[in-house]
>>> print(open('target_7.cif').read())   # mmCIF, C-alpha atoms
data_work
loop_
_atom_site.label_atom_id
_atom_site.label_comp_id
_atom_site.auth_asym_id
_atom_site.auth_seq_id
_atom_site.Cartn_x
_atom_site.Cartn_y
_atom_site.Cartn_z
CA MET C 1 76.69 90.34 98.59
CA VAL C 2 80.00 91.30 100.21
CA SER C 3 83.36 91.45 98.44
CA LEU C 4 86.94 92.30 99.31
CA ASP C 5 89.86 92.57 96.93
CA LEU C 6 93.05 90.95 98.23
CA PRO C 7 95.61 91.92 95.60
CA GLU C 8 98.24 89.41 96.72
CA ALA C 9 95.85 86.44 96.69
CA PRO C 10 96.42 83.94 93.84
CA LEU C 11 92.77 82.84 93.74
CA VAL C 12 89.17 83.80 94.41
CA CYS C 13 87.03 82.43 97.22
CA LEU C 14 83.32 82.11 96.52
CA ASP C 15 81.52 81.69 99.84
CA PHE C 16 77.75 81.16 99.94
CA TRP C 17 76.14 81.32 103.40
CA CYS C 18 72.56 80.85 104.51
CA ARG C 19 70.81 81.21 107.85
CA ALA C 20 69.58 77.63 107.58
CA GLY C 21 71.40 75.68 110.28
CA SER C 22 69.87 73.08 112.57
CA VAL C 23 68.51 75.77 114.93
CA PHE C 24 65.79 76.47 112.36
CA GLU C 25 64.52 72.89 112.10
CA GLY C 26 60.89 72.42 113.06
CA PRO C 27 58.97 69.33 114.19
CA GLY C 28 59.97 66.30 112.15
CA GLU C 29 62.94 68.13 110.62
CA CYS C 30 65.76 67.14 113.00
CA GLY C 31 68.87 66.60 110.87
CA LEU C 32 67.27 68.07 107.75
CA ALA C 33 69.67 71.03 107.45
CA HIS C 34 72.68 68.71 107.28
CA PHE C 35 70.83 66.20 105.06
CA LEU C 36 70.00 69.03 102.63
CA GLU C 37 73.67 70.01 102.48
CA HIS C 38 74.39 66.45 101.29
CA MET C 39 71.55 66.50 98.76
CA VAL C 40 72.66 69.78 97.23
CA PHE C 41 75.67 67.96 95.75
CA LYS C 42 73.41 65.33 94.18
CA GLY C 43 72.56 67.64 91.32
CA SER C 44 70.38 70.57 90.37
CA THR C 45 67.85 71.29 87.68
CA SER C 46 70.73 71.60 85.20
CA LEU C 47 73.59 69.66 86.85
CA GLU C 48 73.85 65.88 87.04
CA PRO C 49 74.97 64.20 90.28
CA GLY C 50 78.72 64.72 90.69
CA GLU C 51 78.90 67.12 87.75
CA PHE C 52 79.53 70.16 89.93
CA ASP C 53 82.60 68.62 91.57
CA ARG C 54 83.96 67.35 88.26
CA ARG C 55 83.62 70.72 86.56
CA VAL C 56 85.06 72.71 89.47
CA GLU C 57 88.03 70.34 89.69
CA ALA C 58 88.52 70.61 85.90
CA LEU C 59 88.85 74.36 86.39
CA GLY C 60 91.57 73.81 88.98
CA GLY C 61 89.33 74.56 91.94
CA SER C 62 88.11 72.84 95.09
CA SER C 63 84.85 72.95 97.00
CA ASN C 64 83.43 72.07 100.38
CA ALA C 65 80.42 72.68 102.62
CA ALA C 66 79.51 72.58 106.30
CA THR C 67 76.37 72.73 108.42
CA GLY C 68 76.37 74.26 111.89
CA PHE C 69 73.82 75.10 114.53
CA ASP C 70 73.18 78.56 113.07
CA ASP C 71 74.02 78.44 109.38
CA VAL C 72 75.22 76.41 106.43
CA HIS C 73 77.83 77.45 103.91
CA TYR C 74 79.26 76.25 100.62
CA HIS C 75 82.56 77.54 99.31
CA VAL C 76 84.73 77.25 96.23
CA LEU C 77 88.39 78.17 95.81
CA ILE C 78 89.10 78.84 92.16
CA PRO C 79 91.71 80.49 89.86
CA PRO C 80 90.59 84.07 89.14
CA GLN C 81 89.96 83.63 85.42
CA ASP C 82 87.53 80.77 86.09
CA ALA C 83 85.64 82.41 88.96
CA PRO C 84 82.61 83.49 86.83
CA ASP C 85 82.03 79.94 85.58
CA ALA C 86 82.46 78.52 89.08
CA LEU C 87 80.03 81.08 90.52
CA GLU C 88 77.38 80.16 87.99
CA LEU C 89 77.79 76.49 88.90
CA LEU C 90 77.71 77.16 92.64
CA LEU C 91 74.56 79.27 92.64
CA ASP C 92 72.73 76.83 90.39
CA LEU C 93 73.71 73.93 92.63
CA VAL C 94 72.72 75.56 95.94
CA LEU C 95 69.57 77.42 94.90
CA ALA C 96 67.97 74.82 92.61
CA PRO C 97 68.71 71.37 94.09
CA ARG C 98 67.07 68.49 92.25
CA LEU C 99 66.08 66.37 95.31
CA GLU C 100 65.43 63.31 93.16
CA PRO C 101 63.74 60.51 95.18
CA GLY C 102 66.23 57.79 94.28
CA ALA C 103 69.24 59.95 95.19
CA PHE C 104 67.38 61.04 98.34
CA ASP C 105 67.03 57.45 99.56
CA LEU C 106 70.66 56.65 98.78
CA GLU C 107 72.00 59.76 100.49
CA ARG C 108 69.82 59.14 103.53
CA ARG C 109 71.76 55.91 104.00
CA VAL C 110 74.98 57.93 103.98
CA VAL C 111 73.62 60.36 106.58
CA LEU C 112 72.36 57.50 108.75
CA GLU C 113 75.80 55.89 108.55
CA GLU C 114 77.40 59.16 109.70
CA LEU C 115 74.95 59.21 112.61
CA ALA C 116 75.73 55.58 113.46
CA GLN C 117 79.46 56.30 113.45
CA SER C 118 78.91 59.25 115.78
CA GLU C 119 76.77 57.15 118.11
CA ASP C 120 79.48 54.49 118.11
CA GLN C 121 82.04 56.95 119.50
CA PRO C 122 81.62 57.12 123.30
CA GLU C 123 83.30 60.53 123.41
CA GLU C 124 80.70 61.90 120.98
CA VAL C 125 77.88 60.29 122.96
CA ALA C 126 79.14 61.98 126.15
CA LEU C 127 79.33 65.39 124.45
CA GLN C 128 75.82 65.09 123.03
CA HIS C 129 74.54 63.97 126.44
CA LEU C 130 76.04 67.11 127.98
CA LEU C 131 74.51 69.40 125.35
CA SER C 132 71.11 67.75 125.76
CA ALA C 133 71.28 68.11 129.54
CA GLY C 134 72.60 71.66 129.48
CA CYS C 135 70.34 72.96 126.71
CA PRO C 136 66.98 71.27 127.38
CA GLY C 137 64.34 72.42 124.94
CA HIS C 138 66.87 74.50 122.96
CA PRO C 139 67.93 73.55 119.39
CA TYR C 140 71.60 73.69 120.43
CA GLY C 141 70.88 70.62 122.55
CA ARG C 142 69.86 68.56 119.50
CA PRO C 143 72.39 66.74 117.30
CA ILE C 144 73.16 68.48 114.01
CA LEU C 145 73.30 65.04 112.38
CA GLY C 146 69.70 64.47 113.42
CA GLN C 147 67.71 61.69 115.02
CA ARG C 148 67.25 58.36 113.28
CA SER C 149 63.47 58.21 113.62
CA GLU C 150 62.98 61.64 112.07
CA LEU C 151 65.53 61.08 109.29
CA LEU C 152 63.71 57.88 108.30
CA ALA C 153 60.41 59.74 108.06
CA GLN C 154 61.69 62.66 105.96
CA SER C 155 60.88 63.00 102.27
CA PRO C 156 62.03 65.01 99.23
CA ALA C 157 58.85 67.08 99.56
CA LEU C 158 59.64 67.98 103.18
CA MET C 159 63.22 68.88 102.21
CA GLY C 160 61.98 70.99 99.31
CA SER C 161 59.68 72.89 101.66
CA PHE C 162 62.58 73.41 104.10
CA HIS C 163 64.75 74.75 101.26
CA ARG C 164 62.08 77.16 100.02
CA ARG C 165 61.36 78.39 103.54
CA LEU C 166 64.97 79.15 104.49
CA TYR C 167 66.95 79.78 101.30
CA THR C 168 65.37 83.20 100.74
CA ALA C 169 66.73 86.60 99.79
CA GLU C 170 67.23 88.06 103.26
CA ARG C 171 68.72 84.84 104.66
CA CYS C 172 71.38 84.23 101.98
CA LEU C 173 74.74 85.94 101.53
CA LEU C 174 77.44 85.58 98.92
CA THR C 175 80.92 86.70 99.89
CA LEU C 176 83.73 87.08 97.36
CA SER C 177 87.33 87.54 98.43
CA GLY C 178 90.73 87.22 96.82
CA CYS C 179 91.99 88.48 93.50
CA LEU C 180 89.17 90.90 92.60
CA ASP C 181 90.94 93.75 90.83
CA PRO C 182 88.12 96.05 89.64
CA GLN C 183 89.86 96.46 86.30
CA ALA C 184 90.24 92.73 85.64
CA ALA C 185 88.03 91.02 83.08
CA HIS C 186 87.10 88.18 85.44
CA THR C 187 85.86 90.66 88.07
CA SER C 188 83.56 92.38 85.57
CA ALA C 189 82.33 88.96 84.46
CA LEU C 190 81.57 88.05 88.08
CA TRP C 191 79.29 91.08 88.49
CA GLU C 192 77.51 90.25 85.25
CA CYS C 193 77.04 86.67 86.38
CA LEU C 194 75.57 87.84 89.68
CA GLU C 195 73.07 90.17 88.00
CA ALA C 196 71.68 87.28 85.94
CA SER C 197 71.93 84.64 88.69
CA PRO C 198 69.17 82.91 90.66
CA LEU C 199 70.53 84.70 93.74
CA ALA C 200 69.43 88.03 92.26
CA ARG C 201 65.96 86.59 91.66
CA LEU C 202 65.37 85.27 95.18
CA SER C 203 62.27 86.59 96.91
CA PRO C 204 62.18 87.67 100.54
CA ALA C 205 60.22 85.68 103.08
CA ALA C 206 57.38 87.02 105.17
CA GLY C 207 59.62 87.37 108.22
CA GLU C 208 61.34 85.03 110.59
CA PRO C 209 61.09 84.30 114.30
CA PRO C 210 64.00 85.41 116.49
CA LEU C 211 66.60 82.89 117.51
CA PRO C 212 65.85 81.37 120.91
CA SER C 213 68.32 82.63 123.52
CA LEU C 214 70.56 80.05 125.13
CA ALA C 215 70.73 79.75 128.90
CA VAL C 216 72.65 76.68 130.03
CA GLN C 217 70.79 74.74 132.69
CA PRO C 218 73.14 74.07 135.64
CA GLY C 219 73.17 70.55 137.04
CA GLU C 220 75.16 67.45 137.94
CA HIS C 221 75.08 64.38 135.69
CA ARG C 222 76.89 61.06 135.47
CA LEU C 223 77.03 58.66 132.54
CA GLU C 224 78.55 55.18 132.24
CA LEU C 225 79.67 54.35 128.72
CA PRO C 226 80.93 51.04 127.31
CA ARG C 227 84.26 51.26 125.47
CA LEU C 228 85.12 54.65 126.94
CA GLU C 229 88.86 54.35 127.49
CA SER C 230 89.33 57.19 129.99
CA ALA C 231 86.91 59.10 132.18
CA ARG C 232 85.92 62.61 131.18
CA LEU C 233 84.85 65.63 133.16
CA LEU C 234 82.73 67.87 130.96
CA MET C 235 81.52 71.32 132.01
CA LEU C 236 79.32 73.69 130.01
CA TRP C 237 78.69 77.42 130.65
CA SER C 238 76.62 80.11 128.90
CA LEU C 239 78.55 83.02 127.38
CA PRO C 240 77.59 86.16 125.39
CA PRO C 241 76.17 85.73 121.86
CA ALA C 242 78.16 86.43 118.70
CA SER C 243 76.55 89.85 118.31
CA ASP C 244 78.20 90.98 121.58
CA LEU C 245 81.73 91.42 120.26
CA HIS C 246 82.98 92.92 123.53
CA GLY C 247 81.68 89.97 125.52
CA VAL C 248 83.01 87.43 123.03
CA MET C 249 86.51 88.89 123.15
CA GLY C 250 86.41 88.81 126.95
CA ALA C 251 85.36 85.16 126.83
CA ASP C 252 88.17 84.43 124.38
CA LEU C 253 90.71 86.06 126.70
CA LEU C 254 89.40 84.17 129.73
CA THR C 255 89.34 80.72 128.14
CA THR C 256 92.81 81.34 126.68
CA LEU C 257 94.22 82.41 130.03
CA LEU C 258 92.80 79.31 131.70
CA ALA C 259 93.56 76.55 129.21
CA GLU C 260 95.53 77.57 126.11
CA GLY C 261 99.02 76.08 126.12
CA ARG C 262 101.25 74.55 128.77
CA ARG C 263 101.62 77.84 130.65
CA SER C 264 97.88 78.40 131.04
CA ARG C 265 96.54 78.01 134.55
CA LEU C 266 94.51 74.83 134.30
CA VAL C 267 96.98 73.01 132.05
CA GLU C 268 99.97 73.93 134.18
CA ARG C 269 98.27 73.05 137.46
CA LEU C 270 96.33 69.89 136.55
CA ARG C 271 98.59 68.33 133.93
CA GLU C 272 102.09 69.64 134.47
CA GLN C 273 102.19 69.94 138.28
CA LEU C 274 99.63 67.52 139.73
CA ARG C 275 99.48 65.12 136.75
CA LEU C 276 95.80 64.56 137.42
CA VAL C 277 94.74 64.76 133.77
CA GLU C 278 95.90 63.40 130.44
CA SER C 279 94.64 66.61 128.87
CA ILE C 280 92.38 69.53 129.65
CA ASP C 281 90.77 71.89 127.15
CA LEU C 282 88.42 74.85 127.48
CA ASP C 283 86.95 75.81 124.12
CA LEU C 284 84.87 78.84 123.20
CA HIS C 285 81.99 78.17 120.80
CA VAL C 286 80.62 81.44 119.41
CA LEU C 287 76.97 81.18 118.41
CA GLU C 288 74.21 83.64 117.54
CA GLY C 289 71.69 82.45 120.09
CA GLY C 290 74.29 82.46 122.85
CA SER C 291 77.85 81.20 122.98
CA PHE C 292 79.14 78.59 125.37
CA ALA C 293 82.37 77.44 126.96
CA LEU C 294 83.05 73.71 126.97
CA LEU C 295 85.64 72.21 129.32
CA GLU C 296 86.87 68.64 128.85
CA ALA C 297 89.33 66.94 131.18
CA ILE C 298 90.47 63.39 130.44
CA ALA C 299 91.62 61.44 133.50
CA GLU C 300 91.16 58.38 135.66
CA PRO C 301 87.65 58.02 137.17
CA GLU C 302 88.89 58.23 140.76
CA ASP C 303 90.57 61.59 140.04
CA LEU C 304 87.44 63.43 138.84
CA PRO C 305 86.48 64.85 142.28
CA ALA C 306 89.99 66.20 142.83
CA ILE C 307 90.01 67.73 139.35
CA ARG C 308 86.78 69.57 140.06
CA ARG C 309 88.16 70.92 143.32
CA GLU C 310 91.29 72.17 141.58
CA ILE C 311 89.29 73.85 138.80
CA GLU C 312 87.16 75.65 141.38
CA ALA C 313 90.29 76.65 143.30
CA GLU C 314 91.92 78.09 140.16
CA LEU C 315 88.80 80.07 139.31
CA ALA C 316 88.67 81.44 142.86
CA ALA C 317 92.38 82.33 142.79
CA LEU C 318 91.90 84.19 139.53
CA GLY C 319 89.34 86.40 141.24
CA ASP C 320 91.36 86.91 144.41
CA THR C 321 94.84 87.69 143.06
CA PRO C 322 95.79 90.27 140.38
CA ILE C 323 96.77 88.77 137.03
CA PRO C 324 100.53 89.29 136.50
CA ALA C 325 101.45 91.56 133.62
CA ALA C 326 103.47 88.86 131.81
CA GLU C 327 100.58 86.39 131.99
CA TRP C 328 98.13 88.98 130.71
CA GLU C 329 100.38 89.93 127.81
CA ARG C 330 100.86 86.27 126.85
CA CYS C 331 97.10 85.71 126.88
CA ARG C 332 96.37 88.85 124.90
CA ARG C 333 99.02 88.02 122.31
CA LEU C 334 97.66 84.48 121.80
CA VAL C 335 94.13 85.75 121.19
CA ALA C 336 95.27 88.50 118.81
CA ASN C 337 97.57 86.20 116.85
CA GLY C 338 94.93 83.51 116.58
CA TYR C 339 92.60 86.02 114.97
CA ARG C 340 95.30 87.37 112.66
CA PHE C 341 96.30 83.86 111.54
CA GLY C 342 92.68 83.25 110.57
CA LEU C 343 92.92 86.12 108.07
CA GLU C 344 95.96 84.83 106.21
CA SER C 345 93.91 83.25 103.42
CA ALA C 346 91.10 84.43 101.16
CA ALA C 347 88.88 81.71 102.64
CA GLY C 348 89.57 82.93 106.18
CA VAL C 349 88.72 86.51 105.25
CA ALA C 350 85.53 85.37 103.51
CA GLY C 351 84.50 83.37 106.57
CA VAL C 352 84.89 86.34 108.91
CA LEU C 353 83.05 88.73 106.58
CA SER C 354 80.26 86.23 105.98
CA SER C 355 79.59 85.33 109.59
CA THR C 356 79.16 88.96 110.62
CA HIS C 357 77.24 90.30 107.60
CA LEU C 358 74.93 87.28 107.43
CA TRP C 359 73.70 88.01 110.95
CA ASN C 360 73.45 91.78 110.50
CA HIS C 361 76.24 92.80 112.83
CA PRO C 362 78.92 93.76 110.28
CA ALA C 363 82.23 95.03 111.58
CA ALA C 364 85.60 96.01 110.18
CA LEU C 365 88.14 93.20 109.98
CA ASP C 366 90.20 94.81 112.74
CA ALA C 367 87.19 95.29 115.06
CA PRO C 368 88.03 92.25 117.25
CA LEU C 369 91.58 93.53 117.73
CA LEU C 370 90.30 96.99 118.67
CA GLU C 371 87.84 95.40 121.09
CA LEU C 372 90.68 93.38 122.58
CA ASP C 373 92.42 96.62 123.53
CA ARG C 374 89.39 97.63 125.60
CA TRP C 375 89.97 94.77 128.04
CA ASP C 376 92.32 94.84 131.01
CA PRO C 377 92.94 92.28 133.77
CA GLN C 378 90.54 93.84 136.23
CA SER C 379 87.66 94.15 133.76
CA LEU C 380 88.18 90.50 132.80
CA VAL C 381 87.85 89.46 136.44
CA ASN C 382 84.85 91.71 137.02
CA GLU C 383 82.90 91.02 133.81
CA SER C 384 83.90 87.63 132.35
CA LEU C 385 85.07 85.51 135.26
CA PRO C 386 81.61 85.40 136.95
CA LEU C 387 80.26 83.73 133.80
CA LEU C 388 82.40 80.66 134.59
CA ALA C 389 81.21 80.37 138.18
CA PRO C 390 81.04 76.65 139.12
CA GLN C 391 77.38 76.97 140.13
CA ARG C 392 76.50 78.15 136.59
CA ALA C 393 77.93 75.03 134.94
CA CYS C 394 76.21 71.94 133.63
CA VAL C 395 78.58 69.15 134.71
CA LEU C 396 78.83 65.64 133.32
CA GLU C 397 81.12 62.92 134.62
CA ALA C 398 81.44 60.28 131.88
CA VAL C 399 83.11 57.08 133.11
CA PRO C 400 83.85 53.68 131.56
CA ALA C 401 81.06 51.16 132.18
#
>>> encode(input="target_7.cif", output="structure tokens")
Amino acid sequence: MVSLDLPEAPLVCLDFWCRAGSVFEGPGECGLAHFLEHMVFKGSTSLEPGEFDRRVEALGGSSNAATGFDDVHYHVLIPPQDAPDALELLLDLVLAPRLEPGAFDLERRVVLEELAQSEDQPEEVALQHLLSAGCPGHPYGRPILGQRSELLAQSPALMGSFHRRLYTAERCLLTLSGCLDPQAAHTSALWECLEASPLARLSPAAGEPPLPSLAVQPGEHRLELPRLESARLLMLWSLPPASDLHGVMGADLLTTLLAEGRRSRLVERLREQLRLVESIDLDLHVLEGGSFALLEAIAEPEDLPAIRREIEAELAALGDTPIPAAEWERCRRLVANGYRFGLESAAGVAGVLSSTHLWNHPAALDAPLLELDRWDPQSLVNESLPLLAPQRACVLEAVPA
């Protein structure tokens, strides 16, 4: 458990995380991590379906959950005086799901409908095609929503086994942030609740295999998609894992310099000057098994070759010409402010604390900003730029059929 008192916060954030994302799914379990997240809200051994949401809302709180490649988390925002009651509800819900067969069948239909909607979006199909091509044999190449054939074959017993295997003592983390004055009655009640909770009674597992390391497979791919309105150039590169804070901050600086805002190099050149693209984005996805950069340019099909040439030219120019001081300062300020803005709420603070402590690389909240100061333009060119070499990319041209 990790906690941080934020005296100015008007509420408490209860954030439960577990290393139980889709990367840990075994044979026949594709989509089970996300499906389990749905089923958790269908009741526990002591909560009826929907009762958790009704009771949290009656206390003036709100709740949500999300499943990613690496982990799953459930969080509640609640007035301080009601935090102990909300914590008891949350831990009961997450650690003792009912998994009733009738609710299981009904919720599977919901999950299958989500999958169908995703498969009906050509943009989503193109992205999943890229991930599958660039991450062959790696769990990051599989859809978090799952595969229809495996979802149809799954059962409450299989889900219960998945829950028992992954929701264990060393894989779960509760983070509390917000109004946690040590002298307040609700804070003392929170600690008492934790001591008597099912979280305190969890047993450790016999060990866990290491996460498979991601290495994007370079290659050239083309996909024709019905109902795709505009062509897309997608490029995928491997980047350092989340545990490498220095490398992650360098990747953040580089992707920001290239494609964050109208004054970034790729946006200014391809959209503002040449008008070759409707939009161009280069996003950093930080993951434990290995992060990746994902570029997406939306344009006319006949312009895709020219766009690729311009991207390669901009990357080459970045390595050949010193980065101007004003451009470097703009880039550095954007990265720093983006991180600071993420810490403006109790939920944001809880998310940062949880993601680092859950994976056993805890760091002070200001560690990314301190790491940012260790980068300069030349080190960025020497260390990070080679990671975005064109020959290291998995490339997909998605065009309307």
>>> closest_residue(input="target_7.cif", among="C:Leu294, C:Ala189, C:Leu396, C:Leu369", to="Glu224 in chain C", atoms="all atoms listed in the file")
C:Leu396
>>> atom_distance(input="target_7.cif", atom1="CA of Leu180 in chain C", atom2="CA of Pro84 in chain C")
11.5 Å
>>> closest_residue(input="target_7.cif", among="C:Ala103, C:Pro204, C:Leu87, C:Phe69", to="Gly50 in chain C", atoms="all atoms listed in the file")
C:Ala103
>>> atom_distance(input="target_7.cif", atom1="CA of Ser379 in chain C", atom2="CA of Asp244 in chain C")
15.7 Å
>>> resolve_selection(input="target_7.cif", expression="the PyMOL selection byres ((chain C and resi 24) around 12)", output="NGL selection string")
:C and (18-23 or 25-34 or 67-72 or 138-140 or 142 or 144 or 162-163 or 165-167 or 171 or 208-212 or 289)
>>> write_last_selection(input="target_7.cif", atoms="C-alpha atoms", output="CSV table (one decimal), in the frame of the given file")
chain,number,residue,atom,x,y,z
C,18,CYS,CA,72.6,80.8,104.5
C,19,ARG,CA,70.8,81.2,107.8
C,20,ALA,CA,69.6,77.6,107.6
C,21,GLY,CA,71.4,75.7,110.3
C,22,SER,CA,69.9,73.1,112.6
C,23,VAL,CA,68.5,75.8,114.9
C,25,GLU,CA,64.5,72.9,112.1
C,26,GLY,CA,60.9,72.4,113.1
C,27,PRO,CA,59.0,69.3,114.2
C,28,GLY,CA,60.0,66.3,112.2
C,29,GLU,CA,62.9,68.1,110.6
C,30,CYS,CA,65.8,67.1,113.0
C,31,GLY,CA,68.9,66.6,110.9
C,32,LEU,CA,67.3,68.1,107.8
C,33,ALA,CA,69.7,71.0,107.4
C,34,HIS,CA,72.7,68.7,107.3
C,67,THR,CA,76.4,72.7,108.4
C,68,GLY,CA,76.4,74.3,111.9
C,69,PHE,CA,73.8,75.1,114.5
C,70,ASP,CA,73.2,78.6,113.1
C,71,ASP,CA,74.0,78.4,109.4
C,72,VAL,CA,75.2,76.4,106.4
C,138,HIS,CA,66.9,74.5,123.0
C,139,PRO,CA,67.9,73.6,119.4
C,140,TYR,CA,71.6,73.7,120.4
C,142,ARG,CA,69.9,68.6,119.5
C,144,ILE,CA,73.2,68.5,114.0
C,162,PHE,CA,62.6,73.4,104.1
C,163,HIS,CA,64.8,74.8,101.3
C,165,ARG,CA,61.4,78.4,103.5
C,166,LEU,CA,65.0,79.2,104.5
C,167,TYR,CA,67.0,79.8,101.3
C,171,ARG,CA,68.7,84.8,104.7
C,208,GLU,CA,61.3,85.0,110.6
C,209,PRO,CA,61.1,84.3,114.3
C,210,PRO,CA,64.0,85.4,116.5
C,211,LEU,CA,66.6,82.9,117.5
C,212,PRO,CA,65.8,81.4,120.9
C,289,GLY,CA,71.7,82.4,120.1
>>> residues_around(input="target_7.cif", residues="Leu370 in chain C", least_positions_apart="6", cutoff="12 Å", atoms="all atoms listed in the file", output="count of residues only")
8
>>> residues_around(input="target_7.cif", residues="Thr321 in chain C", least_positions_apart="4", cutoff="10 Å", atoms="only C-alpha atoms", output="list in words")
Ala316, Ala317 and Val381 of chain C
>>> closest_residue(input="target_7.cif", among="C:His361, C:Ala325, C:Glu310, C:Arg227", to="Arg265 in chain C", atoms="all atoms listed in the file")
C:Glu310
>>> closest_residue(input="target_7.cif", among="C:Leu145, C:Leu380, C:Leu214, C:Leu304", to="Ala66 in chain C", atoms="all atoms listed in the file")
C:Leu145
>>> residues_around(input="target_7.cif", residues="range 296-299 of chain C", least_positions_apart="6", cutoff="6 Å", atoms="all atoms listed in the file", output="PyMOL selection string")
chain C and resi 230-234+277-281
>>> decode(input="target_7.cif", residues="range 278-290 of chain C", atoms="N, CA and C atoms", output="PDB file, in the first residue's frame")
ATOM      1  N   GLU C 278      -3.518  15.663 -43.498  1.00  0.00           N
ATOM      2  CA  GLU C 278      -4.579  16.276 -42.704  1.00  0.00           C
ATOM      3  C   GLU C 278      -4.109  16.441 -41.264  1.00  0.00           C
ATOM      4  N   SER C 279      -3.411  15.428 -40.783  1.00  0.00           N
ATOM      5  CA  SER C 279      -2.845  15.477 -39.427  1.00  0.00           C
ATOM      6  C   SER C 279      -1.700  14.495 -39.347  1.00  0.00           C
ATOM      7  N   ILE C 280      -0.812  14.728 -38.387  1.00  0.00           N
ATOM      8  CA  ILE C 280       0.270  13.791 -38.127  1.00  0.00           C
ATOM      9  C   ILE C 280       0.559  13.802 -36.631  1.00  0.00           C
ATOM     10  N   ASP C 281       0.613  12.615 -36.046  1.00  0.00           N
ATOM     11  CA  ASP C 281       0.841  12.455 -34.616  1.00  0.00           C
ATOM     12  C   ASP C 281       1.944  11.430 -34.403  1.00  0.00           C
ATOM     13  N   LEU C 282       2.698  11.621 -33.328  1.00  0.00           N
ATOM     14  CA  LEU C 282       3.728  10.668 -32.935  1.00  0.00           C
ATOM     15  C   LEU C 282       3.608  10.493 -31.429  1.00  0.00           C
ATOM     16  N   ASP C 283       2.991   9.391 -31.020  1.00  0.00           N
ATOM     17  CA  ASP C 283       2.666   9.182 -29.612  1.00  0.00           C
ATOM     18  C   ASP C 283       3.623   8.191 -28.970  1.00  0.00           C
ATOM     19  N   LEU C 284       3.945   8.457 -27.717  1.00  0.00           N
ATOM     20  CA  LEU C 284       4.786   7.588 -26.911  1.00  0.00           C
ATOM     21  C   LEU C 284       3.894   6.736 -26.016  1.00  0.00           C
ATOM     22  N   HIS C 285       4.042   5.422 -26.105  1.00  0.00           N
ATOM     23  CA  HIS C 285       3.289   4.494 -25.265  1.00  0.00           C
ATOM     24  C   HIS C 285       4.288   3.795 -24.341  1.00  0.00           C
ATOM     25  N   VAL C 286       4.231   4.144 -23.059  1.00  0.00           N
ATOM     26  CA  VAL C 286       5.201   3.621 -22.085  1.00  0.00           C
ATOM     27  C   VAL C 286       4.666   2.326 -21.503  1.00  0.00           C
ATOM     28  N   LEU C 287       5.425   1.249 -21.694  1.00  0.00           N
ATOM     29  CA  LEU C 287       5.011  -0.076 -21.255  1.00  0.00           C
ATOM     30  C   LEU C 287       6.166  -0.783 -20.554  1.00  0.00           C
ATOM     31  N   GLU C 288       5.828  -1.757 -19.710  1.00  0.00           N
ATOM     32  CA  GLU C 288       6.842  -2.429 -18.901  1.00  0.00           C
ATOM     33  C   GLU C 288       7.711  -3.375 -19.708  1.00  0.00           C
ATOM     34  N   GLY C 289       7.133  -4.039 -20.701  1.00  0.00           N
ATOM     35  CA  GLY C 289       7.908  -4.958 -21.504  1.00  0.00           C
ATOM     36  C   GLY C 289       8.719  -4.285 -22.592  1.00  0.00           C
ATOM     37  N   GLY C 290       8.511  -3.008 -22.764  1.00  0.00           N
ATOM     38  CA  GLY C 290       9.168  -2.236 -23.817  1.00  0.00           C
ATOM     39  C   GLY C 290       8.181  -1.240 -24.377  1.00  0.00           C
TER      40      GLY C 290
END
